[in-house]
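Structure, as structure tokens:
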Amino acid sequence: MGKDRRKNSQRDKAGIRALPGNIRFGISTLVQKEGWGALFVCIFEMVFGAVSPFMVAALPGVVVSLLTAGVDAGNIFLIVFYTGLLQISDILYYGYLSGGRRVHLFLMRCSMDQEIYAKCLDVDVQFLESAAGQEKVKNAVMSIMSGNEIGVERHLAEVFNMGKNLFGLLIYSATIIRAAPFFLPFLVFQTVLVAFLHGRAGEKQAQLEKENQENLSSAMYLKTESILAQNGKDIRLYRLGKWFSSFFYQVIDKIVAVHDKEQGNVTKVEALEKLLTFGRDLLIYGYFIWRMAQGTLSVAEFLLYTGMTAGFGAWMNGLFTAYVGLLQNNTYVDAYRDFLKVEAADTGKTVKPENPGQIHEIRLEHVSFCYEGSGEAAISDVDLTIRPGERLALVGRNGAGKTTLVKLLCGLYHPTSGKIYMDGQDIAGMTPSEYFKEFAVVFQDVFSFSFSLADNVSCTEPGQRDEKRLEESLSRAGLWEKVASLPKGIHTMVNKDLDEEGVLLSGGEQQKLMLARALYRDAPFVILDEPTAALDPIAEGEMYEKYDSMLQDKTGIFISHRLSSTRFCDRILFLENGRIVEEGTHKGLMEKQGPYAEMFSLQAKYYQEEVG
């Protein structure tokens, strides 16, 4: 436990040391996304934000000075009037600049949001599906999508807030030092001390915020699960409502407890800061009053210098509030930058398949694969050669490694050890986007995107779509009659997420749509990973045979945990615990009376009993 705390403390300190780099990153990103004009708007907003309060604070001293100098009251009124107009125009311009700054920072965040999702589409699938990858994506999204008060936008806003408060602090300090130079060491000491106290409080607060992320995630999970329509029946039938509420309140209590700790730290620092400010004001006011009594300080000067002294505290508070905000949001910038460092799947890979679009031989040599954090291999020392044009079945119980093997075959996962070759080429050096073109895969979780039917099948932009091939693919899949009957035909949207007039497809129609997609792709390898798992065994067998009859001059790989569905295949591989324990034809495997025959007999008996 102590080691974990020390590691967390080291990470937090490393994050604070990275603060200058994150500030440079934020400014350069603003220029990159919004141009130099956006940076100039932010800088001018800083300057005007500091100068405007100085003019307001200096005006009473100027008026008193003019009065004591015997200037006519009418002239003084005109001076005040014109000064007021100048202040109003200054305030209006400052408001315009403030609005401009907010707009530029918001648009920058929108561009960064697009960059995250573009990156998600570029990175390796294995990384994206891993726990570490999901954590990186979640943290990066939170850094952008938490709003303009939290995250990268807030971090950069606090940079400019710090600049504005620092500029105002320098103006006020210069005025006070002019009257009493010996106050400079005292003001510097107090500033450094308060900065240190706020910095420590900010570190603790940032650490507590990180500690609270798990609680916030739990609360979000409970909220989401409690409102999902598909969960409603289970929650009510099993009377989970009270359990959800109880757990939710426990999480809220934890969140509140952490916030109480944060507030306690802030309160202590603020109390000490107020005490230091009181001592400072007592010293400075006492000195100026003494000088007035000595006749070395005029009333006008007294008003000016005491006004500067009173405003000094506000600038200082603003400076450290912005600093604390920087610390709190620094981890969000770290998360965003950390995700951007993830390389795209194609990075450093330039080799293309030698015979694109032709049927290939794929060879696996001693291939093993282990999921992140798992002590056991999902695929263990597999040697396999898939011959061109072969019909191959991968069968076995759930969890045997069938889907993992498919993901390795089509390049979505990379072997932990061993090699995979296509026509003698090591696929590890191939450009994934080019290698993917050789495969059409239908996974077991059959779903469609909420785009048009044409987009779902062709997966291409309208100008690049082959309309004739699209119609032919839908016809061969048995879906053209349905599509042709719709008012918008192939342009009909699927689902109602993006279009209220979208069509809702049945499970069987979804499967046909995915088959049409595979046919349109016209890839030399077609892999069907239990897309018919929701069907009964007889319907699944018929569907697989239908698929087989359509895949002429292609290599077909069929995956199922129902052994009867793939009897038509040239070769059947029976997997157990990530290993190929048997292979052969259906007839040959039944004659062996091994694990395949045993499982086939059990399944056949079960189906007969169900029919009976």
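Chain labels follow the order of the structure tokens: the first chain is A, the next B, and so on; residue numbering restarts at 1 in every chain, and ligands are counted from 1 in their shown order.
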
Fill in: Spatial neighbours of Pro388 (chain A), 6 Å, only C-alpha atoms, chain gap at least 4 places, as a list of chain:residue names
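These residues fall inside the cut-off: A:Ile359, A:His360, A:Glu361, A:Thr555.
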
Practice prompt. Mind checking which residues fall within 12 Å of Asn265 (chain A), counting only C-alpha atoms, ignoring those fewer than 3 positions away in the same chain, and posting them as JSON, numbers by chain?
Written response: {"A": [197, 198, 199, 200, 201, 202, 203, 204, 205, 206, 208, 258, 259, 260, 261, 262, 268, 269, 270, 271, 272]}

Worksheet, complete the sentence: Across A:Phe278, A:Arg391, A:Gln207, A:Arg571, the smallest distance to Gln328 (chain A), with only C-alpha atoms counted, is shown by A:Gln207

Item to complete: List every residue of region 315-483 of chain A that DSSP, applied to the backbone of this structure, assigns to alpha helix (DSSP H), and report them as a PyMOL selection string.
Response: chain A and resi 315-340+402-409+432-436+453-458+467-476+480-483

Practice prompt. Give the answer as one residue: which of A:Glu153, A:Glu115, A:Asp253, A:Glu501 has the shortest atom-to-atom distance to Asn212 (chain A), using only C-alpha atoms?
Written response: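 The shortest atom-to-atom distance to Asn212 (chain A) comes from A:Asp253.
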